[in-house]
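Participant: The structure file start.cif (mmCIF, C-alpha atoms) is provided below.
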```
data_my_file
#
loop_
_atom_site.label_atom_id
_atom_site.label_comp_id
_atom_site.auth_asym_id
_atom_site.auth_seq_id
_atom_site.Cartn_x
_atom_site.Cartn_y
_atom_site.Cartn_z
CA ASN D 1 0.00 0.00 0.00
CA LEU D 2 1.13 3.51 -0.83
CA VAL D 3 2.12 5.46 2.25
CA ILE D 4 1.46 9.18 1.84
CA PRO D 5 3.52 11.44 4.12
CA PRO D 6 1.36 13.56 6.43
CA ASP D 7 2.47 16.87 4.91
CA VAL D 8 1.68 15.65 1.39
CA GLN D 9 -1.68 14.32 2.51
CA HIS D 10 -2.46 17.68 4.13
CA ASP D 11 -1.62 19.50 0.88
CA LEU D 12 -3.81 17.13 -1.15
CA MET D 13 -6.72 17.67 1.22
CA ASP D 14 -6.24 21.41 0.95
CA ILE D 15 -6.27 21.27 -2.85
CA GLN D 16 -9.43 19.16 -2.88
CA SER D 17 -11.24 21.47 -0.49
CA LYS D 18 -10.20 24.60 -2.42
CA SER D 19 -11.33 22.96 -5.67
CA GLY D 20 -14.72 22.33 -4.10
CA ASN D 21 -14.90 25.96 -2.97
CA CYS D 22 -14.09 27.10 -6.51
CA ILE D 23 -16.90 24.97 -7.92
CA GLY D 24 -19.26 26.37 -5.29
CA ASN D 25 -18.28 29.92 -6.21
CA CYS D 26 -18.89 29.20 -9.89
CA LEU D 27 -22.32 27.76 -9.14
CA ALA D 28 -23.23 30.71 -6.94
CA ASN D 29 -21.88 33.57 -9.06
CA LEU D 30 -22.16 32.32 -12.63
CA LEU D 31 -25.90 31.77 -12.72
CA PRO D 32 -26.02 32.00 -16.55
CA TRP D 33 -23.55 29.09 -16.58
CA LYS D 34 -25.69 26.20 -17.76
CA SER D 35 -24.28 22.79 -17.10
CA SER D 36 -25.68 20.27 -19.53
CA ASP D 37 -26.48 18.07 -16.56
CA PRO D 38 -26.41 19.62 -13.05
CA LEU D 39 -26.91 16.13 -11.66
CA SER D 40 -23.53 15.06 -13.07
CA VAL D 41 -21.85 17.86 -11.11
CA TRP D 42 -23.59 16.65 -7.95
CA ARG D 43 -22.59 13.05 -8.64
CA GLU D 44 -18.93 13.96 -9.16
CA LEU D 45 -18.88 15.99 -5.94
CA ARG D 46 -20.49 13.18 -3.98
CA HIS D 47 -18.11 10.64 -5.52
CA SER D 48 -15.11 12.78 -4.52
CA SER D 49 -16.39 13.08 -0.97
CA GLU D 50 -17.02 9.34 -0.67
CA ASN D 51 -13.51 8.64 -1.95
CA LEU D 52 -12.13 10.88 0.77
CA VAL D 53 -14.13 9.00 3.40
CA GLU D 54 -12.78 5.71 2.07
CA ASN D 55 -9.23 7.06 2.18
CA ILE D 56 -9.70 8.22 5.76
CA ASN D 57 -10.98 4.79 6.77
CA ASN D 58 -8.19 2.94 4.96
CA THR D 59 -5.38 5.07 6.36
CA ASN D 60 -6.79 5.45 9.87
CA THR D 61 -6.39 9.20 9.70
CA ASN D 62 -8.63 11.81 11.25
CA ASN D 63 -8.34 14.42 8.50
CA CYS D 64 -11.52 15.24 6.62
CA ASP D 65 -10.46 18.75 5.64
CA GLY D 66 -10.74 17.92 1.95
CA MET D 67 -14.47 17.33 2.23
CA GLU D 68 -15.41 20.75 3.53
CA GLY D 69 -15.24 22.62 0.23
CA ILE D 70 -16.77 19.71 -1.66
CA VAL D 71 -19.83 19.33 0.56
CA ASN D 72 -20.32 23.08 0.66
CA ALA D 73 -20.36 23.09 -3.16
CA MET D 74 -23.09 20.44 -3.03
CA VAL D 75 -25.19 22.76 -0.85
CA VAL D 76 -24.65 25.61 -3.30
CA ALA D 77 -25.73 23.33 -6.15
CA LEU D 78 -29.03 22.66 -4.38
CA GLN D 79 -29.51 26.35 -3.60
CA THR D 80 -28.82 27.62 -7.11
CA ARG D 81 -30.06 24.77 -9.33
CA PRO D 82 -33.67 24.06 -8.19
CA PRO D 83 -34.30 21.33 -10.84
CA LEU D 84 -31.54 19.31 -9.18
CA ARG D 85 -33.61 18.90 -6.01
CA SER D 86 -36.23 16.69 -7.64
CA GLN D 87 -33.51 14.37 -8.96
CA MET D 88 -32.22 13.34 -5.56
CA GLN D 89 -32.39 9.63 -4.76
CA GLU D 90 -32.36 7.63 -1.53
CA GLY D 91 -28.59 7.24 -1.76
CA ASP D 92 -28.14 11.00 -1.86
CA LEU D 93 -30.32 11.38 1.21
CA ASP D 94 -28.39 8.71 3.08
CA PHE D 95 -25.12 10.40 2.09
CA LEU D 96 -26.25 13.66 3.71
CA LEU D 97 -27.69 11.91 6.75
CA SER D 98 -24.39 10.12 7.36
CA PHE D 99 -22.81 13.41 8.46
CA LEU D 100 -25.40 13.82 11.21
CA MET D 101 -25.37 10.25 12.52
CA THR D 102 -21.81 10.36 13.81
CA LYS D 103 -22.00 10.87 17.56
CA ASN D 104 -18.66 9.17 18.21
CA ASN D 105 -16.91 10.03 14.93
CA SER D 106 -14.20 12.64 15.45
CA ASN D 107 -13.66 12.83 11.67
CA ILE D 108 -16.82 14.85 11.12
CA LYS D 109 -16.29 18.56 11.49
CA PRO D 110 -19.10 20.94 12.52
CA THR D 111 -18.96 22.61 9.10
CA LEU D 112 -19.86 19.30 7.44
CA GLN D 113 -22.79 18.75 9.79
CA ARG D 114 -23.94 22.32 9.24
CA ASP D 115 -23.89 21.89 5.46
CA ALA D 116 -25.63 18.52 5.63
CA ALA D 117 -28.39 20.01 7.79
CA CYS D 118 -28.75 22.90 5.36
CA ALA D 119 -29.01 20.58 2.35
CA LEU D 120 -31.60 18.39 4.06
CA GLY D 121 -33.60 21.46 5.02
CA ILE D 122 -33.61 22.65 1.41
CA LEU D 123 -34.79 19.29 0.10
CA CYS D 124 -37.49 18.70 2.70
CA SER D 125 -38.88 22.24 2.52
CA THR D 126 -39.04 22.50 -1.27
CA GLU D 127 -39.78 18.99 -2.55
CA VAL D 128 -42.87 16.88 -1.92
CA HIS D 129 -41.84 13.71 -0.09
CA PRO D 130 -43.52 10.90 1.89
CA ALA D 131 -43.90 10.89 5.67
CA GLN D 132 -41.33 8.09 5.93
CA VAL D 133 -38.62 10.30 4.44
CA ASN D 134 -39.69 13.27 6.54
CA THR D 135 -39.52 11.16 9.70
CA LYS D 136 -36.05 9.89 8.79
CA VAL D 137 -34.67 13.37 8.21
CA CYS D 138 -36.44 14.95 11.18
CA THR D 139 -35.23 12.23 13.54
CA ALA D 140 -31.64 12.68 12.37
CA LEU D 141 -31.80 16.46 12.78
CA THR D 142 -33.36 16.42 16.24
CA THR D 143 -31.02 13.67 17.44
CA CYS D 144 -28.00 15.63 16.25
CA CYS D 145 -29.16 18.58 18.37
CA PHE D 146 -28.45 16.55 21.48
CA ASN D 147 -25.14 15.18 20.18
CA THR D 148 -23.40 18.45 19.34
CA LYS D 149 -22.30 21.55 21.18
CA SER D 150 -21.51 23.56 18.07
CA ALA D 151 -23.43 26.81 17.65
CA MET D 152 -23.16 26.63 13.86
CA VAL D 153 -24.67 23.14 13.81
CA LEU D 154 -27.41 23.85 16.33
CA SER D 155 -28.45 27.05 14.57
CA GLU D 156 -28.53 25.42 11.12
CA ILE D 157 -30.60 22.50 12.38
CA LEU D 158 -33.14 24.84 13.98
CA ASN D 159 -33.24 26.87 10.78
CA SER D 160 -33.82 23.77 8.66
CA LEU D 161 -36.57 22.51 10.96
CA MET D 162 -38.31 25.89 10.83
CA ASP D 163 -38.20 25.75 7.03
CA MET D 164 -39.56 22.21 7.07
CA TYR D 165 -42.45 22.84 9.45
CA GLY D 166 -43.20 26.53 9.01
CA ASP D 167 -46.25 25.48 7.01
CA ASP D 168 -48.69 23.85 9.43
CA ASP D 169 -49.89 21.49 6.68
CA THR D 170 -46.44 19.99 6.13
CA HIS D 171 -46.28 16.62 7.87
CA PRO D 172 -47.92 17.73 11.14
CA GLN D 173 -48.08 14.11 12.33
CA VAL D 174 -44.30 13.78 12.01
CA PHE D 175 -43.81 17.10 13.80
CA GLN D 176 -45.73 15.77 16.78
CA ALA D 177 -44.46 12.19 16.69
CA VAL D 178 -40.79 13.23 16.71
CA ASN D 179 -41.43 15.87 19.39
CA VAL D 180 -39.97 18.70 17.33
CA LEU D 181 -41.45 21.34 19.63
CA VAL D 182 -39.80 19.72 22.64
CA CYS D 183 -36.52 19.66 20.73
CA PHE D 184 -36.81 23.41 20.13
CA GLN D 185 -37.63 24.09 23.76
CA LYS D 186 -34.49 22.23 24.85
CA THR D 187 -32.17 23.37 22.08
CA VAL D 188 -32.79 27.12 22.09
CA PRO D 189 -31.39 27.55 25.65
CA LEU D 190 -28.41 25.37 24.69
CA LEU D 191 -27.74 27.51 21.63
CA LYS D 192 -27.92 30.70 23.70
CA LYS D 193 -25.28 29.34 26.08
CA GLN D 194 -23.09 28.09 23.25
CA ILE D 195 -23.15 31.48 21.54
CA LEU D 196 -21.67 32.98 24.74
CA VAL D 197 -18.97 30.32 24.71
CA GLU D 198 -18.03 30.78 21.05
CA LYS D 199 -18.61 34.48 20.46
CA MET D 200 -14.99 35.48 21.12
CA GLU D 201 -13.65 33.14 18.44
CA ALA D 202 -16.50 33.32 15.92
CA SER D 203 -16.93 36.11 13.40
CA PRO D 204 -19.34 38.95 14.31
CA GLU D 205 -21.44 38.00 11.28
CA ASP D 206 -21.84 34.42 12.48
CA VAL D 207 -22.72 35.52 16.00
CA GLU D 208 -25.39 37.89 14.70
CA GLN D 209 -26.81 35.16 12.49
CA TRP D 210 -26.97 32.73 15.42
CA LYS D 211 -28.72 35.33 17.57
CA GLU D 212 -31.24 35.95 14.81
CA ILE D 213 -31.97 32.24 14.59
CA VAL D 214 -32.45 32.12 18.39
CA LEU D 215 -35.00 34.92 18.07
CA ASN D 216 -36.80 33.23 15.18
CA ALA D 217 -36.76 29.87 16.96
CA SER D 218 -38.25 31.45 20.10
CA ARG D 219 -41.05 32.91 18.01
CA PHE D 220 -41.49 29.56 16.29
CA ILE D 221 -41.97 27.91 19.69
CA GLN D 222 -44.64 30.40 20.71
CA TYR D 223 -46.42 30.03 17.37
CA LYS D 224 -46.44 26.23 17.46
CA LYS D 225 -47.57 26.18 21.08
CA GLY D 226 -50.57 28.25 20.01
CA GLN D 227 -51.45 25.67 17.37
CA LEU D 228 -51.69 22.78 19.83
#
```
Can you present the structure in this file as structure tokens?

Facilitator:
Amino acid sequence: NLVIPPDVQHDLMDIQSKSGNCIGNCLANLLPWKSSDPLSVWRELRHSSENLVENINNTNTNNCDGMEGIVNAMVVALQTRPPLRSQMQEGDLDFLLSFLMTKNNSNIKPTLQRDAACALGILCSTEVHPAQVNTKVCTALTTCCFNTKSAMVLSEILNSLMDMYGDDDTHPQVFQAVNVLVCFQKTVPLLKKQILVEKMEASPEDVEQWKEIVLNASRFIQYKKGQL
């Protein structure tokens, strides 16, 4: 087996992540750019990310830096290419969910969980889907709330859940069965405390965004309580 020196591996990861960021920037800023098949871009990004996961597992390393730019580009693809959303398959959903179901996996960085939560929120708030899929995604999101202490992850999950259930007619049975309201009532105080912990190291823009989500989530709680 080929043994890659740590410094070389670090450089390769950096190149892969920066390449993903470049693709994301192209998708976001070159809207007239029409790929003949947006799904092929998504597939290549997912394939690259899965190869990185396989490499991490085979080399027993804890470096997933190369995935950050790639997964972020996948989020941008969903945000800027709406037709792509209806082409997602079960495997794509499971790929995104895998970043949230990693309680004991130190390889998964908060940025990856944030982007996965964002992507799932986009899909479940814009595409019609069965209750089984909604339950699967909702359960993963709410469970992750209790397995992370990251403000960026907590805030993105709350944001995605608000997008998913802002319409009272969108899977109300799932909302109640998974105890989403209870999750909000427990998570909002946790997010407030975590913002205080992280505010010195986070950017002012991030802190303001987290505070805004806390405010919106508090209003969401009051609104949903009034619907019961």

Participant: Please, what distance in Å, to one decimal, runs between atom CA of D:Lys225 and atom CA of D:Glu127?

Facilitator: 25.9 Å

Participant: Just give me the residues with any atom within 9 Å of (-23.6, 25.2, -2.7), file coordinates, counting all atoms listed in the file, written as a PDB file with C-alpha atoms, keeping the file's coordinate frame.

Facilitator:
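And here's point.pdb as it stands now:
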```
ATOM      1  CA  ASN D  21     -14.900  25.960  -2.970  1.00  0.00           C
ATOM      2  CA  ILE D  23     -16.900  24.970  -7.920  1.00  0.00           C
ATOM      3  CA  GLY D  24     -19.260  26.370  -5.290  1.00  0.00           C
ATOM      4  CA  ASN D  25     -18.280  29.920  -6.210  1.00  0.00           C
ATOM      5  CA  LEU D  27     -22.320  27.760  -9.140  1.00  0.00           C
ATOM      6  CA  ALA D  28     -23.230  30.710  -6.940  1.00  0.00           C
ATOM      7  CA  ILE D  70     -16.770  19.710  -1.660  1.00  0.00           C
ATOM      8  CA  VAL D  71     -19.830  19.330   0.560  1.00  0.00           C
ATOM      9  CA  ASN D  72     -20.320  23.080   0.660  1.00  0.00           C
ATOM     10  CA  ALA D  73     -20.360  23.090  -3.160  1.00  0.00           C
ATOM     11  CA  MET D  74     -23.090  20.440  -3.030  1.00  0.00           C
ATOM     12  CA  VAL D  75     -25.190  22.760  -0.850  1.00  0.00           C
ATOM     13  CA  VAL D  76     -24.650  25.610  -3.300  1.00  0.00           C
ATOM     14  CA  ALA D  77     -25.730  23.330  -6.150  1.00  0.00           C
ATOM     15  CA  LEU D  78     -29.030  22.660  -4.380  1.00  0.00           C
ATOM     16  CA  GLN D  79     -29.510  26.350  -3.600  1.00  0.00           C
ATOM     17  CA  THR D  80     -28.820  27.620  -7.110  1.00  0.00           C
ATOM     18  CA  ASP D 115     -23.890  21.890   5.460  1.00  0.00           C
ATOM     19  CA  ALA D 119     -29.010  20.580   2.350  1.00  0.00           C
TER      20      ALA D 119
END
```

Participant: Taking all atoms listed in the file into account, which of D:Leu45, D:Leu112, D:Val133, D:Leu39 comes nearest D:Gln87?

Facilitator: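 Checking each candidate against D:Gln87, we get D:Leu39 as the closest.
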
Participant: When you draw a straight line from atom CA of D:Val128 to atom CA of D:Lys109, how long is it in Å?

Facilitator: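 The value is 29.8 Å.
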
Participant: Which residue gives the smallest distance to D:Ser86 among D:Asn29, D:Leu52, D:Ile122, D:Met67, with only C-alpha atoms counted?

Facilitator: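 Selected residue with least distance to D:Ser86: D:Ile122.
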
Participant: Please report the interatomic distance between atom CA of D:Met162 and atom CA of D:Ile221 in Å with one decimal.

Facilitator: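 According to the coordinates, atom CA of D:Met162 and atom CA of D:Ile221 are separated by 9.8 Å.
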
Participant: When you look at D:Asp94 with a cut-off of 10 Å (counting all atoms listed in the file), what residues show up, excluding the ones that are within fewer than 5 positions of it in the same chain? I need them as a compact mmCIF listing (two decimals) with C-alpha atoms, in the frame of the given file.

Facilitator:
```
# COMPACT_ATOMS: atom_id res chain seq x y z
CA GLN D 89 -32.39 9.63 -4.76
CA PHE D 99 -22.81 13.41 8.46
CA LYS D 136 -36.05 9.89 8.79
CA VAL D 137 -34.67 13.37 8.21
```

Participant: Residues at most 9 Å from D:Gln16, counting all atoms listed in the file, excluding those fewer than 3 positions away in the same chain, as a PyMOL selection string?

Facilitator: chain D and resi 11-13+19-21+48+65-70

Participant: Hey, which of D:Leu93, D:Cys26, D:Leu141, D:Leu123 ends up closest to D:Asn179? Count only C-alpha atoms.

Facilitator: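 Nearest candidate to D:Asn179 out of D:Leu93, D:Cys26, D:Leu141, D:Leu123: D:Leu141.
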
Participant: Kindly indicate which residue among D:Asp169, D:Phe220, D:Val178, D:Leu154 lies nearest to D:Lys193, using all atoms listed in the file for the distances.

Facilitator: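 Smallest distance to D:Lys193 is found for D:Leu154.
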
Participant: Give the answer as one residue: which of D:Lys149, D:His171, D:Lys224, D:His47 has the shortest atom-to-atom distance to D:Pro189, using all atoms listed in the file?

Facilitator: D:Lys149

Participant: Tell me which residues the PyMOL selection byres ((chain D and resi 208) around 12) grabs here, as a list in words.

Facilitator: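 Output of the PyMOL selection byres ((chain D and resi 208) around 12): Ala151, Met152, Ser155, Lys192, Ile195, Leu196, Lys199, Ala202, Ser203, Pro204, Glu205, Asp206, Val207, Gln209, Trp210, Lys211, Glu212, Ile213, Val214 and Leu215 of chain D.
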
Participant: If you apply the PyMOL selection byres ((chain D and resi 177) around 12) to this file, what residues do you get, as a PyMOL selection string?

Facilitator: chain D and resi 131-132+134-136+138-139+142+171-176+178-183

Participant: For D:Leu96, list every protein, DNA or RNA residue within 8 Å, evaluated using all atoms listed in the file, and leave out those in the same chain fewer than 6 positions away; present the list as a PyMOL selection string.

Facilitator: chain D and resi 116-117+119-120

Participant: From the options D:Thr148, D:His129, D:Ala140, D:Leu97, which residue's atoms come nearest to D:Pro110, counting only C-alpha atoms?

Facilitator: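 Using only C-alpha atoms, D:Pro110 sits closest to D:Thr148.
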